Number of protein chains: 2
Amino acid sequence: MFELFMALAEPNRLQIVELLVNEPCTVLDIADRLSLRQTQTSKHLRVLREAGLVSVEVAGQHRRYSLEPKRLKELDNWLVKYRRLWDDRFEQFDRVIADINHQENQNDSKSKQRKREK
Amino acid sequence: MFELFMALAEPNRLQIVELLVNEPCTVLDIADRLSLRQTQTSKHLRVLREAGLVSVEVAGQHRRYSLEPKRLKELDNWLVKYRRLWDDRFEQFDRVIADINHQENQNDSKSKQRKREK
DNA sequence: CAGGCATATATCCACGAGGGAATATAGGCA
DNA sequence: TGCCTATATTCCCTCGTGGATATATGCCTG
């Protein structure tokens with residue numbers, strides 16, 4: 001988990017992540033938009049890749065980097081422990097969702113199942 | 001936002017945060033439980049404090065550090081942009097909660113108000 | 001194959017941050 | 001007042017990391 005924070009604890013890398021949420025980009029795309037040199041961009045992308053935050057798709061001489069939701073989902077799961085500190089809505093969510101699942105299991109089996117992972 | 005990641009991108013500080021979610025602690029409490037020296041603990045707590053992640057309550061010669069939900073809530077808000085990447089449940093949550101609020105505003109004004117801050 | 005473009009890697013430098021130890025500050029208590 | 005305890009701060013050292021530059025790799029096209 002802390003490797004995740006490490007990767008995001010750098011302004012340029014954070015910007016890269018925020019850029020990639022919109023659309024996959026090539027290295028030069030990113031470098032141009034953030035006014036970085038290509039070499040720095042590659043280095044930052046390497047860190048992000050090793051942290052599992054982005055993935056690469058090779059397309060000819062280009063490489064298309066895109067955001068990897070999996071690790072961000074881990075961050076989200078990590079936050080679960082803390083949500084109750086500021087918001088009791090989530091306990092309510094749990095109850096409500098439990099109700100919904102209950103109802104749907106009875107009435108509406110065509111809508112897709114909402115599973116809670118533990 | 002990136003100062004937040006900075007503060008959490010250090011194993012000991014991350015552990016301190018995870019420790020404080022359970023209960024407020026004094027400096028020596030934390031130092032003992034995480035096997036740190038008091039001076040390092042103070043230093044880390046200072047970083048966390050300046051990042052707004054913890055707050056101090058002076059209690060005699062002790063100081064009781066507790067977690068400050070506000071910044072973690074900001075992290076949660078930051079994640080909102082990314083949730084759709086892995087999970088469409090949250091849009092549904094919003095709709096459901098909107099419904100609930102609507103109903104409660106009409107029927108059940110004794111239950112405490114659930115406000116959405118923007 | 002040669003040359004050009006996209007990307008990655010290596011090397012050097014400078015700076016910031018964490019650990020250790022000593023010290024400072026400050027409250028509690030005899 | 002003087003000592004003890006809790007906490008904060010300072011100085012020094014070391015190491016990791018980001019930036020810059022140069023170079024390597026690899027693909028595409030003529």
# chains A, B, ... in the order shown; residues from 1 in each chain; ligands from 1
call {"tool": "residues_around", "arguments": {"residues": "stretch 2-15 of chain C", "least_positions_apart": "4", "cutoff": "9 Å", "atoms": "only C-alpha atoms (C1' of nucleotides)", "output": "CSV table (one decimal) with C-alpha atoms (C1' of nucleotides), in the first residue's frame"}}
result
chain,number,residue,atom,x,y,z
A,27,VAL,CA,5.0,9.2,-23.7
A,28,LEU,CA,5.4,12.2,-25.9
A,38,GLN,CA,10.8,12.7,-22.6
A,39,THR,CA,13.4,11.0,-20.4
A,42,SER,CA,9.8,7.7,-19.2
A,43,LYS,CA,11.3,7.4,-15.7
A,61,GLN,CA,6.9,2.6,-32.3
A,62,HIS,CA,4.5,4.2,-29.9
A,63,ARG,CA,3.6,2.9,-26.5
D,19,DG,C1',16.6,16.5,-13.2
D,20,DA,C1',19.9,17.0,-17.1
D,21,DT,C1',22.6,15.0,-20.6
D,22,DA,C1',24.2,11.5,-23.4
D,23,DT,C1',23.5,7.2,-25.3
D,24,DA,C1',21.1,2.8,-26.4
D,25,DT,C1',17.2,0.1,-28.3
D,26,DG,C1',13.7,-0.7,-31.5
D,27,DC,C1',10.4,0.2,-35.0
D,28,DC,C1',9.0,2.2,-39.3
D,29,DT,C1',9.9,4.0,-44.0
call {"tool": "residues_around", "arguments": {"residues": "A:Val17", "least_positions_apart": "4", "cutoff": "7 Å", "atoms": "only C-alpha atoms (C1' of nucleotides)", "output": "list in words"}}
result
Arg13, Val21 and Leu67 of chain A
call {"tool": "closest_atom_pairs", "arguments": {"of": "chain B", "to": "chain A", "cutoff": "8 Å", "atoms": "only C-alpha atoms", "output": "JSON lines"}}
result
{"residue": "B:Phe2", "atom": "CA", "partner": "A:Ala9", "partner_atom": "CA", "distance": 5.6}
{"residue": "B:Glu3", "atom": "CA", "partner": "A:Ala9", "partner_atom": "CA", "distance": 7.1}
{"residue": "B:Leu4", "atom": "CA", "partner": "A:Ala9", "partner_atom": "CA", "distance": 7.8}
{"residue": "B:Phe5", "atom": "CA", "partner": "A:Ala9", "partner_atom": "CA", "distance": 4.7}
{"residue": "B:Met6", "atom": "CA", "partner": "A:Ala9", "partner_atom": "CA", "distance": 4.6}
{"residue": "B:Leu8", "atom": "CA", "partner": "A:Phe5", "partner_atom": "CA", "distance": 6.1}
{"residue": "B:Ala9", "atom": "CA", "partner": "A:Met6", "partner_atom": "CA", "distance": 4.6}
{"residue": "B:Glu10", "atom": "CA", "partner": "A:Phe2", "partner_atom": "CA", "distance": 6.8}
{"residue": "B:Pro11", "atom": "CA", "partner": "A:Phe2", "partner_atom": "CA", "distance": 6.3}
{"residue": "B:Leu14", "atom": "CA", "partner": "A:Phe2", "partner_atom": "CA", "distance": 7.2}
{"residue": "B:Val21", "atom": "CA", "partner": "A:Tyr82", "partner_atom": "CA", "distance": 6.9}
{"residue": "B:Pro69", "atom": "CA", "partner": "A:Trp86", "partner_atom": "CA", "distance": 5.8}
{"residue": "B:Lys70", "atom": "CA", "partner": "A:Trp86", "partner_atom": "CA", "distance": 7.3}
{"residue": "B:Leu72", "atom": "CA", "partner": "A:Tyr82", "partner_atom": "CA", "distance": 7.5}
{"residue": "B:Lys73", "atom": "CA", "partner": "A:Trp86", "partner_atom": "CA", "distance": 7.1}
{"residue": "B:Asp76", "atom": "CA", "partner": "A:Leu79", "partner_atom": "CA", "distance": 7.2}
{"residue": "B:Leu79", "atom": "CA", "partner": "A:Asp76", "partner_atom": "CA", "distance": 7.2}
{"residue": "B:Tyr82", "atom": "CA", "partner": "A:Val21", "partner_atom": "CA", "distance": 7.0}
{"residue": "B:Arg83", "atom": "CA", "partner": "A:Lys73", "partner_atom": "CA", "distance": 7.5}
{"residue": "B:Leu85", "atom": "CA", "partner": "A:Pro69", "partner_atom": "CA", "distance": 6.0}
{"residue": "B:Trp86", "atom": "CA", "partner": "A:Pro69", "partner_atom": "CA", "distance": 6.1}
{"residue": "B:Arg89", "atom": "CA", "partner": "A:Arg114", "partner_atom": "CA", "distance": 7.5}
{"residue": "B:Phe93", "atom": "CA", "partner": "A:Phe93", "partner_atom": "CA", "distance": 7.3}
{"residue": "B:Ile97", "atom": "CA", "partner": "A:Phe93", "partner_atom": "CA", "distance": 7.9}
{"residue": "B:Arg114", "atom": "CA", "partner": "A:Arg89", "partner_atom": "CA", "distance": 7.5}
call {"tool": "select_by_dssp", "arguments": {"residues": "stretch 3-115 of chain A", "states": "helix (DSSP H, G or I)", "output": "short mmCIF file (atom, residue, chain, number, x, y, z; two decimals) with N, CA and C atoms, in the first residue's frame"}}
result
data_model
loop_
_atom_site.label_atom_id
_atom_site.label_comp_id
_atom_site.auth_asym_id
_atom_site.auth_seq_id
_atom_site.Cartn_x
_atom_site.Cartn_y
_atom_site.Cartn_z
N GLU A 3 3.80 1.58 -1.22
CA GLU A 3 4.42 1.79 -2.54
C GLU A 3 3.50 2.63 -3.43
N LEU A 4 2.23 2.44 -3.22
CA LEU A 4 1.24 3.21 -3.96
C LEU A 4 1.37 4.69 -3.62
N PHE A 5 1.44 4.99 -2.34
CA PHE A 5 1.59 6.39 -1.94
C PHE A 5 2.92 6.94 -2.43
N MET A 6 3.96 6.13 -2.35
CA MET A 6 5.25 6.54 -2.88
C MET A 6 5.12 7.01 -4.33
N ALA A 7 4.47 6.18 -5.12
CA ALA A 7 4.36 6.50 -6.55
C ALA A 7 3.58 7.78 -6.77
N LEU A 8 2.61 8.03 -5.93
CA LEU A 8 1.76 9.21 -6.13
C LEU A 8 2.31 10.45 -5.43
N PRO A 11 4.70 15.30 -7.70
CA PRO A 11 3.75 16.13 -8.44
C PRO A 11 3.54 15.70 -9.89
N ASN A 12 4.66 15.42 -10.59
CA ASN A 12 4.52 15.08 -12.00
C ASN A 12 3.80 13.75 -12.18
N ARG A 13 4.14 12.80 -11.32
CA ARG A 13 3.47 11.50 -11.45
C ARG A 13 1.99 11.61 -11.14
N LEU A 14 1.69 12.43 -10.17
CA LEU A 14 0.28 12.63 -9.85
C LEU A 14 -0.45 13.24 -11.04
N GLN A 15 0.21 14.19 -11.68
CA GLN A 15 -0.41 14.80 -12.86
C GLN A 15 -0.58 13.79 -13.98
N ILE A 16 0.40 12.91 -14.11
CA ILE A 16 0.30 11.89 -15.16
C ILE A 16 -0.94 11.03 -14.92
N VAL A 17 -1.11 10.63 -13.68
CA VAL A 17 -2.27 9.81 -13.34
C VAL A 17 -3.55 10.56 -13.67
N GLU A 18 -3.58 11.83 -13.28
CA GLU A 18 -4.79 12.60 -13.52
C GLU A 18 -5.03 12.84 -15.01
N LEU A 19 -3.93 12.80 -15.76
CA LEU A 19 -4.07 12.95 -17.21
C LEU A 19 -4.62 11.66 -17.82
N LEU A 20 -4.13 10.55 -17.31
CA LEU A 20 -4.47 9.26 -17.93
C LEU A 20 -5.88 8.81 -17.60
N VAL A 27 4.05 8.47 -24.55
CA VAL A 27 5.02 9.16 -23.72
C VAL A 27 5.15 10.63 -24.13
N LEU A 28 5.23 10.85 -25.43
CA LEU A 28 5.41 12.23 -25.88
C LEU A 28 4.16 13.07 -25.65
N ASP A 29 3.01 12.46 -25.79
CA ASP A 29 1.77 13.15 -25.40
C ASP A 29 1.91 13.72 -24.01
N ILE A 30 2.24 12.82 -23.11
CA ILE A 30 2.32 13.20 -21.70
C ILE A 30 3.38 14.28 -21.50
N ALA A 31 4.55 14.04 -22.08
CA ALA A 31 5.64 14.99 -21.92
C ALA A 31 5.23 16.37 -22.42
N ASP A 32 4.59 16.41 -23.57
CA ASP A 32 4.16 17.70 -24.11
C ASP A 32 3.17 18.38 -23.18
N ARG A 33 2.17 17.65 -22.79
CA ARG A 33 1.10 18.29 -22.01
C ARG A 33 1.57 18.75 -20.65
N LEU A 34 2.54 18.05 -20.08
CA LEU A 34 3.00 18.44 -18.75
C LEU A 34 4.31 19.21 -18.80
N GLN A 38 11.24 14.06 -22.33
CA GLN A 38 10.85 12.67 -22.59
C GLN A 38 11.49 11.72 -21.60
N THR A 39 12.74 11.97 -21.25
CA THR A 39 13.43 11.02 -20.37
C THR A 39 12.79 10.99 -18.98
N GLN A 40 12.48 12.15 -18.46
CA GLN A 40 11.82 12.18 -17.14
C GLN A 40 10.49 11.47 -17.21
N THR A 41 9.78 11.75 -18.29
CA THR A 41 8.47 11.13 -18.43
C THR A 41 8.60 9.61 -18.42
N SER A 42 9.56 9.11 -19.16
CA SER A 42 9.78 7.66 -19.17
C SER A 42 10.10 7.15 -17.77
N LYS A 43 10.95 7.89 -17.07
CA LYS A 43 11.30 7.43 -15.72
C LYS A 43 10.08 7.41 -14.81
N HIS A 44 9.30 8.48 -14.86
CA HIS A 44 8.11 8.52 -14.01
C HIS A 44 7.14 7.41 -14.38
N LEU A 45 7.02 7.17 -15.67
CA LEU A 45 6.10 6.12 -16.09
C LEU A 45 6.59 4.76 -15.62
N ARG A 46 7.89 4.62 -15.57
CA ARG A 46 8.42 3.36 -15.07
C ARG A 46 8.03 3.15 -13.61
N VAL A 47 8.17 4.20 -12.83
CA VAL A 47 7.77 4.10 -11.42
C VAL A 47 6.30 3.75 -11.31
N LEU A 48 5.50 4.44 -12.08
CA LEU A 48 4.06 4.18 -12.04
C LEU A 48 3.75 2.75 -12.49
N ARG A 49 4.49 2.29 -13.49
CA ARG A 49 4.27 0.94 -13.99
C ARG A 49 4.65 -0.08 -12.92
N GLU A 50 5.80 0.13 -12.29
CA GLU A 50 6.24 -0.82 -11.27
C GLU A 50 5.33 -0.79 -10.04
N PRO A 69 -6.81 0.48 -13.09
CA PRO A 69 -7.74 0.75 -11.98
C PRO A 69 -7.46 -0.10 -10.74
N LYS A 70 -6.84 -1.24 -10.94
CA LYS A 70 -6.72 -2.20 -9.84
C LYS A 70 -6.11 -1.61 -8.58
N ARG A 71 -4.97 -0.92 -8.76
CA ARG A 71 -4.31 -0.37 -7.57
C ARG A 71 -5.10 0.77 -6.95
N LEU A 72 -5.76 1.54 -7.77
CA LEU A 72 -6.57 2.61 -7.23
C LEU A 72 -7.74 2.04 -6.45
N LYS A 73 -8.19 0.90 -6.91
CA LYS A 73 -9.26 0.22 -6.17
C LYS A 73 -8.75 -0.23 -4.80
N GLU A 74 -7.49 -0.65 -4.76
CA GLU A 74 -6.90 -1.02 -3.47
C GLU A 74 -6.88 0.18 -2.54
N LEU A 75 -6.54 1.33 -3.11
CA LEU A 75 -6.55 2.55 -2.30
C LEU A 75 -7.95 2.81 -1.77
N ASP A 76 -8.90 2.60 -2.62
CA ASP A 76 -10.29 2.80 -2.20
C ASP A 76 -10.64 1.83 -1.08
N ASN A 77 -10.22 0.61 -1.21
CA ASN A 77 -10.50 -0.37 -0.16
C ASN A 77 -9.81 0.01 1.14
N TRP A 78 -8.61 0.54 1.01
CA TRP A 78 -7.88 0.97 2.20
C TRP A 78 -8.66 2.06 2.93
N LEU A 79 -9.25 2.93 2.17
CA LEU A 79 -9.98 4.05 2.76
C LEU A 79 -11.22 3.61 3.51
N VAL A 80 -11.72 2.45 3.18
CA VAL A 80 -12.96 1.98 3.81
C VAL A 80 -12.85 2.06 5.33
N LYS A 81 -11.70 1.67 5.84
CA LYS A 81 -11.49 1.67 7.29
C LYS A 81 -11.70 3.05 7.90
N TYR A 82 -11.52 4.10 7.10
CA TYR A 82 -11.52 5.45 7.65
C TYR A 82 -12.81 6.20 7.39
N ARG A 83 -13.63 5.69 6.51
CA ARG A 83 -14.82 6.46 6.11
C ARG A 83 -15.72 6.75 7.28
N ARG A 89 -22.76 7.86 6.36
CA ARG A 89 -23.59 7.46 5.23
C ARG A 89 -23.27 6.04 4.81
N PHE A 90 -22.01 5.65 5.06
CA PHE A 90 -21.59 4.38 4.49
C PHE A 90 -22.18 3.19 5.22
N GLU A 91 -22.39 3.38 6.51
CA GLU A 91 -23.10 2.32 7.22
C GLU A 91 -24.50 2.21 6.63
N GLN A 92 -25.07 3.35 6.36
CA GLN A 92 -26.39 3.34 5.75
C GLN A 92 -26.35 2.67 4.39
N PHE A 93 -25.31 3.00 3.64
CA PHE A 93 -25.14 2.34 2.35
C PHE A 93 -25.20 0.84 2.51
N ASP A 94 -24.44 0.36 3.48
CA ASP A 94 -24.38 -1.09 3.65
C ASP A 94 -25.77 -1.66 3.89
N ARG A 95 -26.50 -0.97 4.76
CA ARG A 95 -27.85 -1.48 5.03
C ARG A 95 -28.71 -1.43 3.78
N VAL A 96 -28.66 -0.27 3.13
CA VAL A 96 -29.49 -0.10 1.95
C VAL A 96 -29.18 -1.13 0.89
N ILE A 97 -27.87 -1.33 0.66
CA ILE A 97 -27.48 -2.27 -0.38
C ILE A 97 -27.90 -3.69 -0.01
N ALA A 98 -27.77 -3.99 1.25
CA ALA A 98 -28.22 -5.31 1.69
C ALA A 98 -29.69 -5.48 1.36
N ASP A 99 -30.45 -4.45 1.65
CA ASP A 99 -31.88 -4.50 1.32
C ASP A 99 -32.09 -4.72 -0.16
N ILE A 100 -31.38 -3.93 -0.94
CA ILE A 100 -31.55 -4.04 -2.39
C ILE A 100 -31.24 -5.45 -2.87
N ASN A 101 -30.13 -5.96 -2.41
CA ASN A 101 -29.78 -7.31 -2.82
C ASN A 101 -30.88 -8.28 -2.43
N HIS A 102 -31.37 -8.12 -1.24
CA HIS A 102 -32.42 -9.00 -0.77
C HIS A 102 -33.63 -8.94 -1.69
N GLN A 103 -34.08 -7.70 -1.93
CA GLN A 103 -35.23 -7.53 -2.81
C GLN A 103 -34.99 -8.14 -4.18
N GLU A 104 -33.80 -7.81 -4.73
CA GLU A 104 -33.55 -8.26 -6.09
C GLU A 104 -33.45 -9.77 -6.19
N ASN A 105 -32.89 -10.36 -5.18
CA ASN A 105 -32.83 -11.81 -5.21
C ASN A 105 -34.23 -12.41 -5.27
N GLN A 106 -35.13 -11.67 -4.71
CA GLN A 106 -36.51 -12.16 -4.74
C GLN A 106 -37.23 -11.79 -6.03
N ASN A 107 -37.12 -10.49 -6.40
CA ASN A 107 -38.02 -9.99 -7.43
C ASN A 107 -37.40 -9.87 -8.82
#
call {"tool": "atom_distance", "arguments": {"atom1": "atom CA of B:Ser66", "atom2": "atom C1' of C:DG19"}}
result
24.5 Å
call {"tool": "interface_residues", "arguments": {"of": "chain D", "to": "chain B", "cutoff": "9 Å", "atoms": "only C-alpha atoms (C1' of nucleotides)", "output": "count of residues only"}}
result
4
call {"tool": "atom_distance", "arguments": {"atom1": "atom CA of A:Ser35", "atom2": "atom CA of A:Tyr65"}}
result
17.2 Å
call {"tool": "interface_residues", "arguments": {"of": "chain C", "to": "chain B", "cutoff": "9 Å", "atoms": "only C-alpha atoms (C1' of nucleotides)", "output": "PyMOL selection string"}}
result
chain C and resi 18-19+26-28
call {"tool": "write_last_selection", "arguments": {"atoms": "C-alpha atoms (C1' of nucleotides)", "output": "compact mmCIF listing (two decimals), in the first residue's frame"}}
result
# COMPACT_ATOMS: atom_id res chain seq x y z
C1' DG C 18 15.04 9.93 7.42
C1' DG C 19 17.81 7.96 11.32
C1' DA C 26 7.78 22.23 29.45
C1' DG C 27 4.65 20.19 32.72
C1' DG C 28 4.10 17.49 37.17
call {"tool": "residues_around", "arguments": {"residues": "C:DG16", "least_positions_apart": "3", "cutoff": "12 Å", "atoms": "only C-alpha atoms (C1' of nucleotides)", "output": "JSON, numbers by chain"}}
result
{"D": [14, 15, 16, 17, 18]}
call {"tool": "atom_distance", "arguments": {"atom1": "atom CA of B:Glu57", "atom2": "atom C1' of D:DT10"}}
result
24.4 Å
